[in-house]
Protein chains: 2
Amino acid sequence: MAAKQAEVTLFPRYAQKPEKYQQWLSSIQERFQEHLGRRGLKLTHQREEILRCLMAAEKHLGVEEMYTILKKQDPLIGRATIFRTIKLLQECGLVAEVGVFQNGGAKFELKADRPHHDHMICVECGRIIEFQSPMMERFQDEAIKRHGFLALWHRHEIFGRCAACSKKRTGTP
Amino acid sequence: MAAKQAEVTLFPRYAQKPEKYQQWLSSIQERFQEHLGRRGLKLTHQREEILRCLMAAEKHLGVEEMYTILKKQDPLIGRATIFRTIKLLQECGLVAEVGVFQNGGAKFELKADRPHHDHMICVECGRIIEFQSPMMERFQDEAIKRHGFLALWHRHEIFGRCAACSKKRTGTP
DNA sequence: GCTAATATTGAGACTCATTCTCAATAGACT
DNA sequence: AGTCTATTGAGAATGAGTCTCAATATTAGC
């Protein structure tokens, strides 16, 4: 099941701690349930499956990819339900959007309490590299304060060529 | 003509120097012409008008807005031509896209040799605030290097409420 | 467990930005 | 001016995302 998709591993910090990882996943499901309860919404099989799909895939997923995966278990599932559920998951801070440039739609990732990070996106192979830079964050926050702005969310994506693709280019073209 | 659109002033550095400003505009037109020549493309009235439109509007413009403005002078102009020309202008680095979130399409701004900046976008009033942070840039570049990434362009947009809209909220709701 | 009240679902219609197609036209070079 | 192409506008096409609605599933109360 998790065969070829180890390209981007979202959860390295759990690599050696499977029980902690399971705990984390359960806590996410609980949080979703809470959010639904708070808003008088219902927990359906589809919603459970969609969240589970994002939890199982240790990479960034687009709606179309999720649709393909989910249809195997539930051939009747509809794209609209996936869109709707993702919106709910974003609302309660469990999922974040990684906007992808021209061509196919957005991708999503499990956010929960993962530390904040931004993305570098390879325009050649499509790989998404996550990176952290506390100093960068710090000066960003400083700029936000300086302008009296109230930040709700942000999008910081760097497009270019990843190390591997740059090398390929420099070698024999 | 330039009545209500002083909300975002893109060119404050030319406020006191109209002759310099004119020089700058001419240099932009030349650069566009050069780019077209280099690629064996032609300079048409439409292309000239579209660039002029972006130069005249001292704010970020969407395609639909440009279409409305341009139709006044050339009622036959087509949206497709605007899209095509913007693409050309982006290619040669004269225009940059400011992606705008869910709802209506992207906005564009004259880039040319303006210093690099990023954007804060007010989700309440739609205002786009430009900001610079050399330190932030510096640590971003550092992160890029650290990952052996070759950056081609980036997108850094902060969504939230501008100072004015935050104040409105805190007052009598 | 059953029922009522209500939220949810999937299918397909719809929207809206952007791109494509193609026949007519306009630049650029001679 | 004439020729060779690139360009144009109109409208069709695409594609992500949203909406509508009748059928269905979930939940709380019994």
# chains A, B, ... in the order shown; residues from 1 in each chain; ligands from 1
>>> interface_residues(of="chain A", to="chain D", cutoff="10 Å", atoms="only C-alpha atoms (C1' of nucleotides)", output="VMD selection string")
chain A and resid 40 to 45 63 79 to 80 83 to 84 103 to 106
>>> calpha_fit_and_write(fixed="chain B", moving="chain A", output="JSON list (two decimals) with C-alpha atoms, in the first residue's frame")
[["chain", "number", "residue", "atom", "x", "y", "z"],
["A", 1, "MET", "CA", -8.60, 59.07, -15.04],
["A", 2, "ALA", "CA", -6.47, 58.36, -11.99],
["A", 3, "ALA", "CA", -9.24, 59.31, -9.61],
["A", 4, "LYS", "CA", -10.20, 56.60, -7.15],
["A", 5, "GLN", "CA", -7.38, 54.18, -7.64],
["A", 6, "ALA", "CA", -4.70, 55.69, -5.45],
["A", 7, "GLU", "CA", -5.34, 52.95, -2.88],
["A", 8, "VAL", "CA", -2.15, 51.09, -3.66],
["A", 9, "THR", "CA", 0.51, 53.29, -5.11],
["A", 10, "LEU", "CA", 3.12, 51.22, -6.82],
["A", 11, "PHE", "CA", 5.58, 53.93, -7.62],
["A", 12, "PRO", "CA", 6.15, 56.18, -4.61],
["A", 13, "ARG", "CA", 9.80, 56.56, -5.48],
["A", 14, "TYR", "CA", 8.79, 58.56, -8.55],
["A", 15, "ALA", "CA", 6.29, 60.76, -6.72],
["A", 16, "GLN", "CA", 8.54, 63.81, -6.97],
["A", 17, "LYS", "CA", 10.30, 62.97, -10.23],
["A", 18, "PRO", "CA", 7.91, 62.89, -13.17],
["A", 19, "GLU", "CA", 10.67, 63.01, -15.80],
["A", 20, "LYS", "CA", 12.45, 60.00, -14.28],
["A", 21, "TYR", "CA", 9.13, 58.23, -14.23],
["A", 22, "GLN", "CA", 8.60, 58.84, -17.93],
["A", 23, "GLN", "CA", 12.07, 57.54, -18.65],
["A", 24, "TRP", "CA", 11.30, 54.42, -16.72],
["A", 25, "LEU", "CA", 8.09, 53.83, -18.64],
["A", 26, "SER", "CA", 9.87, 54.25, -21.98],
["A", 27, "SER", "CA", 12.55, 51.83, -20.92],
["A", 28, "ILE", "CA", 9.87, 49.27, -20.14],
["A", 29, "GLN", "CA", 8.29, 49.65, -23.55],
["A", 30, "GLU", "CA", 11.69, 49.26, -25.14],
["A", 31, "ARG", "CA", 12.38, 46.13, -23.18],
["A", 32, "PHE", "CA", 9.12, 44.61, -24.28],
["A", 33, "GLN", "CA", 9.88, 45.45, -27.88],
["A", 34, "GLU", "CA", 13.33, 43.89, -27.56],
["A", 35, "HIS", "CA", 11.88, 40.72, -26.11],
["A", 36, "LEU", "CA", 9.41, 40.46, -28.96],
["A", 37, "GLY", "CA", 12.15, 41.10, -31.52],
["A", 38, "ARG", "CA", 14.39, 38.49, -29.99],
["A", 39, "ARG", "CA", 11.63, 35.91, -30.33],
["A", 40, "GLY", "CA", 10.54, 36.97, -33.80],
["A", 41, "LEU", "CA", 7.23, 38.28, -32.50],
["A", 42, "LYS", "CA", 5.42, 41.40, -33.57],
["A", 43, "LEU", "CA", 4.54, 44.57, -31.72],
["A", 44, "THR", "CA", 0.82, 45.12, -32.17],
["A", 45, "HIS", "CA", -1.48, 47.90, -31.01],
["A", 46, "GLN", "CA", -3.15, 45.53, -28.58],
["A", 47, "ARG", "CA", 0.13, 44.58, -26.98],
["A", 48, "GLU", "CA", 1.09, 48.20, -26.65],
["A", 49, "GLU", "CA", -2.25, 49.08, -25.13],
["A", 50, "ILE", "CA", -2.15, 46.24, -22.63],
["A", 51, "LEU", "CA", 1.27, 47.22, -21.39],
["A", 52, "ARG", "CA", 0.22, 50.85, -21.25],
["A", 53, "CYS", "CA", -2.81, 49.90, -19.23],
["A", 54, "LEU", "CA", -0.63, 48.20, -16.61],
["A", 55, "MET", "CA", 1.72, 51.15, -16.56],
["A", 56, "ALA", "CA", -1.07, 53.69, -16.11],
["A", 57, "ALA", "CA", -2.89, 51.84, -13.36],
["A", 58, "GLU", "CA", -0.84, 52.36, -10.25],
["A", 59, "LYS", "CA", -2.26, 49.29, -8.61],
["A", 60, "HIS", "CA", -2.63, 45.57, -9.04],
["A", 61, "LEU", "CA", -4.95, 44.68, -11.88],
["A", 62, "GLY", "CA", -6.94, 41.56, -12.70],
["A", 63, "VAL", "CA", -7.64, 40.46, -16.26],
["A", 64, "GLU", "CA", -11.30, 41.36, -15.99],
["A", 65, "GLU", "CA", -10.47, 44.87, -14.81],
["A", 66, "MET", "CA", -8.03, 45.32, -17.65],
["A", 67, "TYR", "CA", -10.63, 44.07, -20.07],
["A", 68, "THR", "CA", -13.11, 46.69, -18.88],
["A", 69, "ILE", "CA", -10.54, 49.47, -19.12],
["A", 70, "LEU", "CA", -9.22, 48.44, -22.52],
["A", 71, "LYS", "CA", -12.63, 47.97, -24.09],
["A", 72, "LYS", "CA", -13.26, 51.69, -23.77],
["A", 73, "GLN", "CA", -10.54, 52.41, -26.32],
["A", 74, "ASP", "CA", -10.85, 49.26, -28.34],
["A", 75, "PRO", "CA", -14.28, 47.67, -28.03],
["A", 76, "LEU", "CA", -13.18, 44.67, -30.05],
["A", 77, "ILE", "CA", -10.33, 43.60, -27.82],
["A", 78, "GLY", "CA", -10.60, 40.03, -26.58],
["A", 79, "ARG", "CA", -9.86, 38.52, -23.19],
["A", 80, "ALA", "CA", -7.64, 35.91, -24.83],
["A", 81, "THR", "CA", -5.31, 38.60, -26.12],
["A", 82, "ILE", "CA", -4.95, 40.01, -22.63],
["A", 83, "PHE", "CA", -4.07, 36.60, -21.22],
["A", 84, "ARG", "CA", -1.61, 35.99, -24.03],
["A", 85, "THR", "CA", 0.08, 39.34, -23.63],
["A", 86, "ILE", "CA", 0.38, 39.04, -19.87],
["A", 87, "LYS", "CA", 2.11, 35.73, -20.40],
["A", 88, "LEU", "CA", 4.62, 37.43, -22.69],
["A", 89, "LEU", "CA", 5.18, 40.22, -20.19],
["A", 90, "GLN", "CA", 5.80, 37.70, -17.45],
["A", 91, "GLU", "CA", 8.26, 35.85, -19.65],
["A", 92, "CYS", "CA", 10.47, 38.88, -19.98],
["A", 93, "GLY", "CA", 10.19, 39.79, -16.33],
["A", 94, "LEU", "CA", 8.20, 42.98, -16.78],
["A", 95, "VAL", "CA", 5.08, 41.82, -15.00],
["A", 96, "ALA", "CA", 4.54, 39.64, -11.95],
["A", 97, "GLU", "CA", 1.53, 37.71, -10.81],
["A", 98, "VAL", "CA", 0.00, 38.27, -7.40],
["A", 99, "GLY", "CA", -2.09, 35.15, -6.86],
["A", 100, "VAL", "CA", -5.37, 35.90, -5.20],
["A", 101, "PHE", "CA", -7.07, 33.29, -3.14],
["A", 102, "GLN", "CA", -10.40, 31.53, -3.72],
["A", 103, "ASN", "CA", -12.86, 33.58, -5.77],
["A", 104, "GLY", "CA", -11.67, 35.73, -8.66],
["A", 105, "GLY", "CA", -8.48, 35.02, -10.62],
["A", 106, "ALA", "CA", -4.98, 36.39, -10.33],
["A", 107, "LYS", "CA", -3.86, 39.99, -10.26],
["A", 108, "PHE", "CA", -0.81, 41.46, -11.93],
["A", 109, "GLU", "CA", 1.63, 44.23, -11.31],
["A", 110, "LEU", "CA", 4.39, 45.97, -13.19],
["A", 111, "LYS", "CA", 7.64, 44.51, -11.97],
["A", 112, "ALA", "CA", 10.47, 45.78, -14.17],
["A", 113, "ASP", "CA", 13.23, 46.80, -11.80],
["A", 114, "ARG", "CA", 11.14, 47.58, -8.78],
["A", 115, "PRO", "CA", 12.78, 46.21, -5.65],
["A", 116, "HIS", "CA", 11.56, 42.80, -4.56],
["A", 117, "HIS", "CA", 8.59, 42.74, -2.21],
["A", 118, "ASP", "CA", 5.86, 40.43, -0.97],
["A", 119, "HIS", "CA", 2.18, 41.00, -0.27],
["A", 120, "MET", "CA", -0.28, 41.11, 2.59],
["A", 121, "ILE", "CA", -3.84, 40.76, 1.37],
["A", 122, "CYS", "CA", -6.80, 41.94, 3.44],
["A", 123, "VAL", "CA", -9.56, 39.36, 3.28],
["A", 124, "GLU", "CA", -12.09, 42.00, 4.34],
["A", 125, "CYS", "CA", -11.49, 44.91, 1.96],
["A", 126, "GLY", "CA", -9.23, 43.25, -0.59],
["A", 127, "ARG", "CA", -6.49, 45.80, -0.15],
["A", 128, "ILE", "CA", -3.03, 44.59, -1.15],
["A", 129, "ILE", "CA", -0.19, 45.85, 1.00],
["A", 130, "GLU", "CA", 3.32, 45.51, -0.30],
["A", 131, "PHE", "CA", 6.10, 44.96, 2.16],
["A", 132, "GLN", "CA", 9.81, 44.44, 2.09],
["A", 133, "SER", "CA", 11.98, 42.61, 4.55],
["A", 134, "PRO", "CA", 15.59, 42.18, 3.49],
["A", 135, "MET", "CA", 16.30, 40.03, 6.54],
["A", 136, "MET", "CA", 13.46, 37.71, 5.69],
["A", 137, "GLU", "CA", 14.78, 37.43, 2.15],
["A", 138, "ARG", "CA", 18.17, 36.65, 3.49],
["A", 139, "PHE", "CA", 17.01, 33.72, 5.58],
["A", 140, "GLN", "CA", 14.83, 32.50, 2.78],
["A", 141, "ASP", "CA", 17.83, 32.43, 0.47],
["A", 142, "GLU", "CA", 19.78, 30.65, 3.14],
["A", 143, "ALA", "CA", 17.09, 27.94, 3.37],
["A", 144, "ILE", "CA", 17.04, 27.57, -0.40],
["A", 145, "LYS", "CA", 20.80, 27.10, -0.52],
["A", 146, "ARG", "CA", 20.70, 24.65, 2.37],
["A", 147, "HIS", "CA", 18.40, 22.42, 0.32],
["A", 148, "GLY", "CA", 20.42, 22.72, -2.88],
["A", 149, "PHE", "CA", 17.32, 24.12, -4.55],
["A", 150, "LEU", "CA", 17.46, 26.34, -7.61],
["A", 151, "ALA", "CA", 14.78, 28.99, -7.08],
["A", 152, "LEU", "CA", 13.10, 30.40, -10.19],
["A", 153, "TRP", "CA", 10.30, 32.43, -8.63],
["A", 154, "HIS", "CA", 8.30, 32.51, -5.48],
["A", 155, "ARG", "CA", 4.99, 33.46, -4.01],
["A", 156, "HIS", "CA", 4.71, 34.81, -0.52],
["A", 157, "GLU", "CA", 1.30, 36.11, 0.44],
["A", 158, "ILE", "CA", -0.06, 36.77, 3.88],
["A", 159, "PHE", "CA", -3.83, 36.80, 4.27],
["A", 160, "GLY", "CA", -5.59, 38.52, 7.14],
["A", 161, "ARG", "CA", -7.07, 41.87, 8.11],
["A", 162, "CYS", "CA", -5.38, 45.17, 7.43],
["A", 163, "ALA", "CA", -4.96, 47.72, 10.22],
["A", 164, "ALA", "CA", -8.09, 49.66, 9.20],
["A", 165, "CYS", "CA", -10.33, 46.59, 9.04],
["A", 166, "SER", "CA", -9.02, 45.24, 12.35],
["A", 167, "LYS", "CA", -9.90, 48.55, 13.97],
["A", 168, "LYS", "CA", -13.40, 48.51, 12.51],
["A", 169, "ARG", "CA", -13.95, 45.09, 14.09],
["A", 170, "THR", "CA", -12.72, 46.11, 17.52],
["A", 171, "GLY", "CA", -14.92, 49.21, 17.56],
["A", 172, "THR", "CA", -18.74, 49.03, 17.51],
["A", 173, "PRO", "CA", -19.50, 45.89, 15.50]]
>>> select_by_dssp(residues="region 40-116 of chain B", states="strand (DSSP E)", output="list in words")
Leu61, Gly62, Val95, Ala96, Glu97, Val98, Lys107, Phe108, Glu109 and Leu110 of chain B
>>> select_by_dssp(residues="chain B", states="helix (DSSP H, G or I)", output="VMD selection string")
chain B and resid 12 to 14 18 to 38 45 to 56 63 to 73 79 to 91 134 to 146 163 to 170
>>> closest_atom_pairs(of="chain C", to="chain B", cutoff="10 Å", atoms="only C-alpha atoms (C1' of nucleotides)", output="JSON lines")
{"residue": "C:DC16", "atom": "C1'", "partner": "B:Gly104", "partner_atom": "CA", "distance": 8.0}
{"residue": "C:DA17", "atom": "C1'", "partner": "B:Gly105", "partner_atom": "CA", "distance": 6.0}
{"residue": "C:DT18", "atom": "C1'", "partner": "B:Phe83", "partner_atom": "CA", "distance": 7.9}
{"residue": "C:DT19", "atom": "C1'", "partner": "B:Ala80", "partner_atom": "CA", "distance": 8.2}
{"residue": "C:DC20", "atom": "C1'", "partner": "B:Ala80", "partner_atom": "CA", "distance": 9.8}
{"residue": "C:DA26", "atom": "C1'", "partner": "B:Thr44", "partner_atom": "CA", "distance": 8.3}
{"residue": "C:DG27", "atom": "C1'", "partner": "B:Lys42", "partner_atom": "CA", "distance": 6.3}
{"residue": "C:DA28", "atom": "C1'", "partner": "B:Lys42", "partner_atom": "CA", "distance": 7.9}
>>> decode(residues="region 4-23 of chain D", atoms="C-alpha atoms (C1' of nucleotides)", output="PDB file, in the first residue's frame")
ATOM      1  C1'  DC D   4       5.323  35.334 -45.269  1.00  0.00           C
ATOM      2  C1'  DT D   5       3.935  34.691 -40.678  1.00  0.00           C
ATOM      3  C1'  DA D   6       2.383  35.917 -36.265  1.00  0.00           C
ATOM      4  C1'  DT D   7      -1.769  37.737 -34.242  1.00  0.00           C
ATOM      5  C1'  DT D   8      -6.352  38.593 -33.419  1.00  0.00           C
ATOM      6  C1'  DG D   9     -11.313  37.986 -31.669  1.00  0.00           C
ATOM      7  C1'  DA D  10     -15.217  34.997 -31.256  1.00  0.00           C
ATOM      8  C1'  DG D  11     -16.716  31.391 -29.396  1.00  0.00           C
ATOM      9  C1'  DA D  12     -16.004  26.653 -28.046  1.00  0.00           C
ATOM     10  C1'  DA D  13     -13.549  23.882 -24.745  1.00  0.00           C
ATOM     11  C1'  DT D  14     -11.384  22.745 -20.386  1.00  0.00           C
ATOM     12  C1'  DG D  15     -11.057  21.978 -15.627  1.00  0.00           C
ATOM     13  C1'  DA D  16     -11.240  23.070 -10.667  1.00  0.00           C
ATOM     14  C1'  DG D  17     -14.489  23.946  -7.603  1.00  0.00           C
ATOM     15  C1'  DT D  18     -19.530  24.888  -6.157  1.00  0.00           C
ATOM     16  C1'  DC D  19     -24.428  24.324  -6.130  1.00  0.00           C
ATOM     17  C1'  DT D  20     -28.984  21.874  -6.330  1.00  0.00           C
ATOM     18  C1'  DC D  21     -31.969  18.421  -5.139  1.00  0.00           C
ATOM     19  C1'  DA D  22     -34.117  14.075  -4.233  1.00  0.00           C
ATOM     20  C1'  DA D  23     -32.719  10.001  -1.813  1.00  0.00           C
TER      21       DA D  23
END
